[in-house]
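Raw protein15.cif, mmCIF, C-alpha atoms and all ligand atoms:
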```
data_protein
loop_
_atom_site.label_atom_id
_atom_site.label_comp_id
_atom_site.auth_asym_id
_atom_site.auth_seq_id
_atom_site.Cartn_x
_atom_site.Cartn_y
_atom_site.Cartn_z
CA MET A 1 104.26 86.35 97.55
CA SER A 2 101.34 84.08 98.31
CA GLN A 3 101.80 84.33 102.08
CA LYS A 4 101.72 88.11 101.94
CA ASN A 5 98.35 88.56 103.55
CA SER A 6 98.33 85.44 105.63
CA THR A 7 97.50 85.87 109.29
CA LYS A 8 100.39 85.54 111.70
CA ILE A 9 98.66 86.68 114.87
CA SER A 10 94.95 86.57 115.53
CA VAL A 11 93.85 88.56 118.57
CA GLN A 12 90.37 87.60 119.68
CA ASN A 13 88.24 89.46 122.23
CA LEU A 14 91.26 90.50 124.24
CA ASN A 15 90.47 92.25 127.52
CA LEU A 16 93.10 93.44 129.95
CA HIS A 17 92.65 94.86 133.44
CA TYR A 18 95.32 96.46 135.61
CA GLY A 19 93.49 96.04 138.93
CA ASP A 20 90.32 98.13 138.45
CA ASN A 21 91.57 99.80 135.29
CA HIS A 22 90.02 98.13 132.24
CA ALA A 23 92.83 99.04 129.83
CA LEU A 24 91.91 97.01 126.73
CA HIS A 25 88.31 96.46 125.67
CA GLY A 26 87.60 93.34 123.65
CA ILE A 27 90.22 93.82 120.97
CA ASP A 28 89.90 91.78 117.76
CA MET A 29 92.72 92.12 115.28
CA ASP A 30 94.46 89.95 112.68
CA ILE A 31 98.12 90.79 112.09
CA HIS A 32 99.70 89.68 108.84
CA THR A 33 102.92 87.89 108.00
CA ASN A 34 105.70 89.93 106.34
CA GLN A 35 104.02 93.22 107.00
CA ILE A 36 104.62 96.17 109.26
CA THR A 37 101.66 96.98 111.45
CA ALA A 38 101.60 100.34 113.24
CA LEU A 39 99.72 101.04 116.46
CA ILE A 40 98.82 104.70 116.89
CA GLY A 41 96.68 106.73 119.29
CA PRO A 42 96.87 109.26 122.11
CA SER A 43 99.00 108.71 125.19
CA GLY A 44 97.46 106.20 127.59
CA CYS A 45 95.16 104.60 124.98
CA GLY A 46 96.73 101.15 125.48
CA LYS A 47 99.26 100.77 122.65
CA SER A 48 102.11 99.51 124.82
CA THR A 49 99.74 97.38 126.84
CA PHE A 50 98.45 95.76 123.66
CA LEU A 51 101.97 95.24 122.31
CA ARG A 52 103.06 93.55 125.55
CA CYS A 53 100.11 91.15 125.30
CA LEU A 54 101.64 89.76 122.11
CA ASN A 55 104.64 88.27 123.87
CA ARG A 56 103.20 87.85 127.35
CA MET A 57 105.32 90.62 128.79
CA ASN A 58 102.30 91.75 130.83
CA ASP A 59 102.52 88.50 132.79
CA LEU A 60 105.42 90.15 134.59
CA ILE A 61 103.10 92.86 135.99
CA LYS A 62 101.37 91.80 139.20
CA SER A 63 97.92 93.39 139.00
CA VAL A 64 97.22 92.25 135.44
CA ARG A 65 94.24 90.14 134.37
CA ILE A 66 94.01 89.06 130.74
CA GLU A 67 91.06 87.41 128.98
CA GLY A 68 90.71 86.42 125.36
CA LYS A 69 93.06 84.87 122.89
CA VAL A 70 96.27 85.74 121.14
CA ILE A 71 96.68 83.03 118.54
CA ILE A 72 100.09 82.88 116.91
CA ASP A 73 100.55 80.25 114.22
CA ASN A 74 97.29 78.59 115.25
CA LYS A 75 98.15 78.32 118.95
CA ASN A 76 96.80 80.53 121.73
CA ILE A 77 99.88 81.79 123.59
CA TYR A 78 97.75 82.13 126.75
CA ASP A 79 96.90 78.42 126.83
CA LYS A 80 97.99 76.79 130.07
CA ASP A 81 100.49 74.48 128.40
CA VAL A 82 102.41 77.33 126.76
CA ASP A 83 105.79 78.31 128.23
CA GLU A 84 105.95 82.11 128.28
CA VAL A 85 109.74 82.14 128.09
CA ALA A 86 109.51 80.25 124.79
CA VAL A 87 106.92 82.79 123.62
CA ARG A 88 109.25 85.70 124.38
CA LYS A 89 111.98 83.97 122.43
CA ARG A 90 109.78 83.71 119.33
CA ILE A 91 108.33 87.17 119.69
CA GLY A 92 111.23 89.59 120.12
CA MET A 93 110.93 93.09 121.49
CA VAL A 94 112.77 96.38 120.98
CA PHE A 95 112.11 99.20 123.43
CA GLN A 96 111.92 102.98 123.29
CA GLN A 97 115.23 103.52 125.04
CA PRO A 98 118.08 101.52 123.54
CA ASN A 99 119.05 99.15 126.34
CA PRO A 100 122.20 97.19 125.48
CA PHE A 101 123.59 94.97 128.24
CA PRO A 102 126.68 96.36 130.01
CA LYS A 103 128.79 93.98 127.95
CA SER A 104 130.74 94.08 124.71
CA ILE A 105 129.06 94.55 121.34
CA TYR A 106 129.86 90.91 120.56
CA GLU A 107 128.40 89.62 123.82
CA ASN A 108 125.26 91.68 123.40
CA VAL A 109 124.44 89.73 120.27
CA ALA A 110 125.88 86.35 121.34
CA TYR A 111 124.35 86.20 124.80
CA ALA A 112 120.83 84.96 124.01
CA PRO A 113 121.75 82.49 121.24
CA LEU A 114 124.35 80.93 123.56
CA LYS A 115 121.92 80.85 126.45
CA HIS A 116 119.19 79.22 124.35
CA GLY A 117 121.66 76.73 122.86
CA ILE A 118 121.07 78.10 119.34
CA THR A 119 124.82 78.29 118.83
CA GLN A 120 128.06 77.15 120.48
CA LYS A 121 131.05 79.28 121.40
CA GLY A 122 133.53 79.61 118.56
CA SER A 123 133.31 80.17 114.85
CA THR A 124 129.58 79.38 114.48
CA CYS A 125 128.83 81.97 117.13
CA ASP A 126 131.13 84.47 115.42
CA GLU A 127 129.24 83.90 112.19
CA LEU A 128 125.88 84.39 113.86
CA VAL A 129 127.05 87.64 115.46
CA GLU A 130 128.32 88.88 112.11
CA LYS A 131 125.17 87.89 110.26
CA SER A 132 122.92 89.55 112.85
CA LEU A 133 124.95 92.76 112.82
CA ILE A 134 124.89 92.80 109.01
CA GLN A 135 121.13 92.33 109.02
CA ALA A 136 120.76 95.14 111.54
CA GLY A 137 122.84 97.42 109.31
CA LEU A 138 125.53 97.90 111.95
CA TRP A 139 128.34 95.57 110.92
CA ASN A 140 130.48 98.06 109.00
CA GLU A 141 130.42 100.50 111.88
CA VAL A 142 131.42 97.99 114.58
CA LYS A 143 133.35 95.17 112.93
CA ASP A 144 136.70 96.50 114.18
CA LYS A 145 135.59 97.07 117.75
CA LEU A 146 133.43 94.11 118.69
CA SER A 147 134.97 93.90 122.15
CA THR A 148 134.12 97.47 123.15
CA PRO A 149 131.05 98.00 125.34
CA GLY A 150 127.69 98.23 123.57
CA THR A 151 126.95 101.25 125.72
CA SER A 152 129.84 103.15 124.07
CA LEU A 153 127.89 103.37 120.79
CA SER A 154 125.67 106.29 119.77
CA GLY A 155 121.96 106.05 120.56
CA GLY A 156 121.05 105.10 117.01
CA GLN A 157 123.82 102.50 116.88
CA GLN A 158 122.71 101.12 120.25
CA GLN A 159 119.18 100.73 118.91
CA ARG A 160 120.50 98.83 115.87
CA LEU A 161 122.54 96.69 118.28
CA CYS A 162 119.33 95.92 120.17
CA ILE A 163 117.71 94.94 116.87
CA ALA A 164 120.72 92.72 116.07
CA ARG A 165 120.35 91.14 119.50
CA THR A 166 116.67 90.51 118.85
CA ILE A 167 117.11 88.92 115.43
CA ALA A 168 120.07 86.78 116.57
CA ILE A 169 117.63 84.27 118.07
CA SER A 170 115.55 84.16 114.87
CA PRO A 171 112.21 85.35 116.20
CA ASP A 172 109.05 85.16 114.06
CA VAL A 173 107.75 88.52 115.10
CA ILE A 174 109.46 91.71 116.23
CA LEU A 175 107.61 94.11 118.50
CA MET A 176 108.90 97.69 118.65
CA ASP A 177 107.62 100.23 121.17
CA GLU A 178 108.47 103.70 119.86
CA PRO A 179 111.89 102.48 118.71
CA THR A 180 112.99 105.80 117.24
CA SER A 181 111.51 108.35 119.63
CA ALA A 182 114.86 108.75 121.39
CA LEU A 183 116.79 109.04 118.12
CA ASP A 184 117.85 111.82 115.76
CA PRO A 185 116.37 112.03 112.22
CA ILE A 186 119.28 110.25 110.52
CA SER A 187 119.25 107.33 112.95
CA THR A 188 115.47 107.24 112.61
CA GLU A 189 115.78 106.99 108.86
CA LYS A 190 118.22 104.09 109.22
CA ILE A 191 115.90 102.21 111.55
CA GLU A 192 112.96 102.77 109.21
CA ALA A 193 114.97 101.49 106.23
CA LEU A 194 115.97 98.52 108.34
CA MET A 195 112.37 97.77 109.26
CA LEU A 196 111.44 97.71 105.58
CA GLU A 197 114.28 95.23 105.00
CA LEU A 198 113.37 93.07 107.95
CA LYS A 199 109.72 92.73 107.04
CA GLN A 200 110.74 90.41 104.21
CA GLN A 201 111.57 87.90 106.94
CA TYR A 202 109.58 88.90 109.97
CA SER A 203 106.27 90.36 110.99
CA ILE A 204 106.85 93.70 112.65
CA ILE A 205 104.51 95.55 114.97
CA ILE A 206 105.48 99.08 115.87
CA VAL A 207 104.03 101.59 118.29
CA THR A 208 104.63 105.12 117.12
CA HIS A 209 103.56 108.64 118.00
CA ASN A 210 104.96 109.79 114.72
CA MET A 211 102.23 109.61 112.12
CA GLN A 212 104.60 110.36 109.27
CA GLN A 213 106.56 107.33 110.39
CA ALA A 214 103.47 105.13 110.33
CA GLY A 215 102.72 106.51 106.87
CA ARG A 216 106.24 105.76 105.66
CA VAL A 217 106.66 102.23 106.92
CA ALA A 218 103.40 100.57 107.88
CA ASP A 219 101.25 98.37 105.65
CA MET A 220 98.43 98.30 108.18
CA THR A 221 97.63 100.83 110.90
CA ALA A 222 95.51 100.41 114.01
CA PHE A 223 94.11 103.43 115.82
CA PHE A 224 93.45 102.99 119.53
CA HIS A 225 91.52 105.34 121.79
CA LEU A 226 90.89 104.87 125.52
CA GLY A 227 91.39 101.11 125.36
CA ASP A 228 89.26 100.58 122.25
CA LEU A 229 90.50 99.62 118.82
CA ILE A 230 88.63 102.29 116.87
CA GLU A 231 89.79 101.47 113.38
CA TYR A 232 92.19 99.05 111.75
CA ALA A 233 92.87 99.16 108.03
CA GLU A 234 95.49 99.65 105.39
CA THR A 235 97.67 102.59 106.33
CA GLU A 236 96.57 104.60 103.31
CA THR A 237 92.93 104.20 104.24
CA ILE A 238 93.56 105.30 107.82
CA PHE A 239 95.37 108.43 106.71
CA ILE A 240 93.46 109.38 103.58
CA ASN A 241 90.00 108.01 104.01
CA PRO A 242 89.31 106.87 107.58
CA ALA A 243 85.92 105.37 108.26
CA LYS A 244 85.53 106.74 111.78
CA GLN A 245 85.27 110.37 112.88
CA LYS A 246 87.54 109.71 115.88
CA THR A 247 90.30 108.47 113.60
CA GLU A 248 89.97 111.50 111.39
CA ASP A 249 90.06 113.84 114.40
CA TYR A 250 93.24 112.18 115.61
CA ILE A 251 95.12 112.07 112.36
CA THR A 252 94.25 115.67 111.58
CA GLY A 253 95.64 116.66 114.96
CA ARG A 254 92.41 117.66 116.67
CA TYR A 255 93.47 115.80 119.81
CA GLY A 256 96.20 113.55 121.10
N1 LIG B 301 102.32 98.65 134.54
C1 LIG B 301 101.11 99.21 134.64
N2 LIG B 301 100.40 99.11 135.78
C2 LIG B 301 99.19 99.68 135.88
N3 LIG B 301 98.59 100.38 134.91
C3 LIG B 301 99.24 100.52 133.75
C4 LIG B 301 100.54 99.94 133.56
N4 LIG B 301 100.95 100.25 132.30
C5 LIG B 301 99.95 100.97 131.75
N5 LIG B 301 98.92 101.14 132.62
C6 LIG B 301 97.66 101.87 132.34
O1 LIG B 301 97.05 101.32 131.18
C7 LIG B 301 96.55 102.33 130.31
C8 LIG B 301 97.22 102.21 128.96
O2 LIG B 301 98.61 102.51 129.10
P1 LIG B 301 99.69 102.24 127.97
O3 LIG B 301 101.02 102.41 128.58
O4 LIG B 301 99.39 100.95 127.33
O5 LIG B 301 99.36 103.42 126.97
P2 LIG B 301 100.12 103.91 125.65
O6 LIG B 301 99.09 104.03 124.59
O7 LIG B 301 101.30 103.05 125.40
O8 LIG B 301 100.58 105.38 126.07
P3 LIG B 301 101.92 106.21 125.67
O9 LIG B 301 101.67 106.70 124.29
O10 LIG B 301 101.94 107.33 126.66
O11 LIG B 301 103.10 105.30 125.78
C9 LIG B 301 96.80 103.65 131.04
O12 LIG B 301 95.63 103.99 131.74
C10 LIG B 301 97.92 103.32 131.99
O13 LIG B 301 97.86 104.13 133.13
MG MG B 302 103.38 103.38 125.40
#
```
Structure rendered as structure tokens:
Amino acid sequence: MSQKNSTKISVQNLNLHYGDNHALHGIDMDIHTNQITALIGPSGCGKSTFLRCLNRMNDLIKSVRIEGKVIIDNKNIYDKDVDEVAVRKRIGMVFQQPNPFPKSIYENVAYAPLKHGITQKGSTCDELVEKSLIQAGLWNEVKDKLSTPGTSLSGGQQQRLCIARTIAISPDVILMDEPTSALDPISTEKIEALMLELKQQYSIIIVTHNMQQAGRVADMTAFFHLGDLIEYAETETIFINPAKQKTEDYITGRYG
């Protein structure tokens, strides 16, 4: 595909402070369309902070100060004229703990598209719910119990429900912060297979502590350390032939 290596998100000199804590130091990074990009690094290095910058989730935190640019499709999402709610709609997010709403499976998926006016109640909404659940690889398991609570599903099913909920509003980018760390190996495998499917349509950025997972799914991998982006390259390069000593120390388990 010609667009394979085209830039979806261009992060330019991004600095973030939480009060006095300078948590991200001048990050420059181009994230590609239709790829999975993994963010790795020791606890506290800024992975989640960086991820939240990509859909302006950090705006919700009081002490935060952000400088620099996050350009998505040629527009800086931090420009004054950008509506952050619209940004969060385009850039979906899946969290570490599956967090379905305390509503039915159907309503979990239908809620946002109805709220944003993407669909109307009735058969078009039913179709969208079905399509999203199919895409998330959950349809066969839930099609006969759409009115039961989302919270009654297993953890792995709940996480796929959260992915269905995210893709129901047709985002461009899906951010995932350790989406499988609360899941068993079989559910993890399903989510990883799903990510590989979804990257055909979306750009996916995943934070993971599991280096095998990064190796299995990611096209590109970024290694963060203490707020610095130490190295960013094709996943194979990061794991087999890293350019920086710090990266090598981390991936060989010398710290972290
Ligand atoms: N809401 C917040 N308010 C203030 N400081 C924060 C907040 N979230 C993170 N930090 C600080 O920012 C730095 C980076 O944290 P972040 O959560 O981004 O790390 P991480 O790489 O995701 O770590 P982990 O692997 O443990 O999830 C840390 O020093 C942390 O204490
Ligand atoms: Mg984190």
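For the pair atom CA of Ala23 of chain A and atom CA of Asp81 of chain A, the interatomic distance is 25.8 Å.
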#### Entry: Selection as a ChimeraX atom specification: residues within 8 Å of ligand MG 302 (chain B) by only C-alpha atoms and all ligand atoms
/A:43-44,46-49,177-178,207
### Message
So that I can check the surroundings of Pro242 of chain A, please list as a ChimeraX atom specification every protein, DNA and RNA residue that reaches within 12 Å of it, counting only C-alpha atoms and ignoring chain neighbours fewer than 2 positions away.
### Response
/A:221-223,230-240,244-252
Output file for the residues above (C-alpha atoms, as an mmCIF file, keeping the file's coordinate frame):
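After the write, out_29.cif holds the following:
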```
data_model
loop_
_atom_site.group_PDB
_atom_site.id
_atom_site.type_symbol
_atom_site.label_atom_id
_atom_site.label_comp_id
_atom_site.auth_asym_id
_atom_site.auth_seq_id
_atom_site.Cartn_x
_atom_site.Cartn_y
_atom_site.Cartn_z
ATOM 1 C CA THR A 221 97.630 100.830 110.900
ATOM 2 C CA ALA A 222 95.510 100.410 114.010
ATOM 3 C CA PHE A 223 94.110 103.430 115.820
ATOM 4 C CA ILE A 230 88.630 102.290 116.870
ATOM 5 C CA GLU A 231 89.790 101.470 113.380
ATOM 6 C CA TYR A 232 92.190 99.050 111.750
ATOM 7 C CA ALA A 233 92.870 99.160 108.030
ATOM 8 C CA GLU A 234 95.490 99.650 105.390
ATOM 9 C CA THR A 235 97.670 102.590 106.330
ATOM 10 C CA GLU A 236 96.570 104.600 103.310
ATOM 11 C CA THR A 237 92.930 104.200 104.240
ATOM 12 C CA ILE A 238 93.560 105.300 107.820
ATOM 13 C CA PHE A 239 95.370 108.430 106.710
ATOM 14 C CA ILE A 240 93.460 109.380 103.580
ATOM 15 C CA LYS A 244 85.530 106.740 111.780
ATOM 16 C CA GLN A 245 85.270 110.370 112.880
ATOM 17 C CA LYS A 246 87.540 109.710 115.880
ATOM 18 C CA THR A 247 90.300 108.470 113.600
ATOM 19 C CA GLU A 248 89.970 111.500 111.390
ATOM 20 C CA ASP A 249 90.060 113.840 114.400
ATOM 21 C CA TYR A 250 93.240 112.180 115.610
ATOM 22 C CA ILE A 251 95.120 112.070 112.360
ATOM 23 C CA THR A 252 94.250 115.670 111.580
#
```
Kindly provide, as lines of an AutoDock Vina configuration file, the centre and edge lengths (Å, one decimal) of an axis-aligned box around all atoms of ligand LIG 301 (chain B) given in the file, with 8 Å on each side.
```
center_x = 99.4
center_y = 103.0
center_z = 130.1
size_x = 23.5
size_y = 24.7
size_z = 27.6
```
### Task
List the residues sitting within 9 Å of (101.1, 80.9, 111.9) in the file's frame, using all atoms listed in the file, as number ranges by chain.
A: 6-9, 33, 71-75
### Residues within 8 Å of ligand LIG 301 (chain B), counting all atoms listed in the file, as an MDAnalysis selection string
chainID A and resid 18:19 21:24 40:50 58 61 63:64 207:209 224 226:227
### Summary
One residue among A:Gly26, A:Thr188, A:Arg254, A:Glu197 is nearest to Ile134 of chain A when using only C-alpha atoms, and that residue is A:Glu197
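Omitting Ile105 of chain A and its sequence neighbours fewer than 6 positions away, and counting only C-alpha atoms, the residues within 10 Å are Val129, Leu133, Val142, Lys143, Lys145, Leu146, Ser147, Thr148, Pro149, Gly150, Thr151, Ser152, Leu153, Gln158, Leu161, Cys162 and Arg165 of chain A.
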Convert the current residue selection to file output with C-alpha atoms, as a compact mmCIF listing (two decimals), in the coordinates of the input.
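As written to disk, result03.txt reads:
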```
# COMPACT_ATOMS: atom_id res chain seq x y z
CA VAL A 129 127.05 87.64 115.46
CA LEU A 133 124.95 92.76 112.82
CA VAL A 142 131.42 97.99 114.58
CA LYS A 143 133.35 95.17 112.93
CA LYS A 145 135.59 97.07 117.75
CA LEU A 146 133.43 94.11 118.69
CA SER A 147 134.97 93.90 122.15
CA THR A 148 134.12 97.47 123.15
CA PRO A 149 131.05 98.00 125.34
CA GLY A 150 127.69 98.23 123.57
CA THR A 151 126.95 101.25 125.72
CA SER A 152 129.84 103.15 124.07
CA LEU A 153 127.89 103.37 120.79
CA GLN A 158 122.71 101.12 120.25
CA LEU A 161 122.54 96.69 118.28
CA CYS A 162 119.33 95.92 120.17
CA ARG A 165 120.35 91.14 119.50
```
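In this model, the gap between atom CA of Asp28 of chain A and atom CA of Asn15 of chain A comes to 9.8 Å.
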### Task
Rounded to one decimal place, report the atom CA of Asp172 of chain A-atom CA of Gln201 of chain A distance in Å.
8.0 Å
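Each of A:Lys103, A:Pro98, A:His17, A:Asn5 was checked against Asp59 of chain A using only C-alpha atoms; the smallest atom-to-atom distance is that of A:His17.
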#### Entry: 7 Å contact set for Lys69 of chain A, all atoms listed in the file, chain neighbours under 5 positions out, as an MDAnalysis selection string
chainID A and resid 11:14 76 78
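Counting all atoms listed in the file and comparing A:Gly137, A:Gly68, A:Gly122, A:Pro102, the residue that lies closest to Lys190 of chain A is A:Gly137.
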### All residues 9 Å or closer to Arg216 of chain A, all atoms listed in the file, same chain fewer than 4 positions away omitted, as a PyMOL selection string
chain A and resi 192+211-212
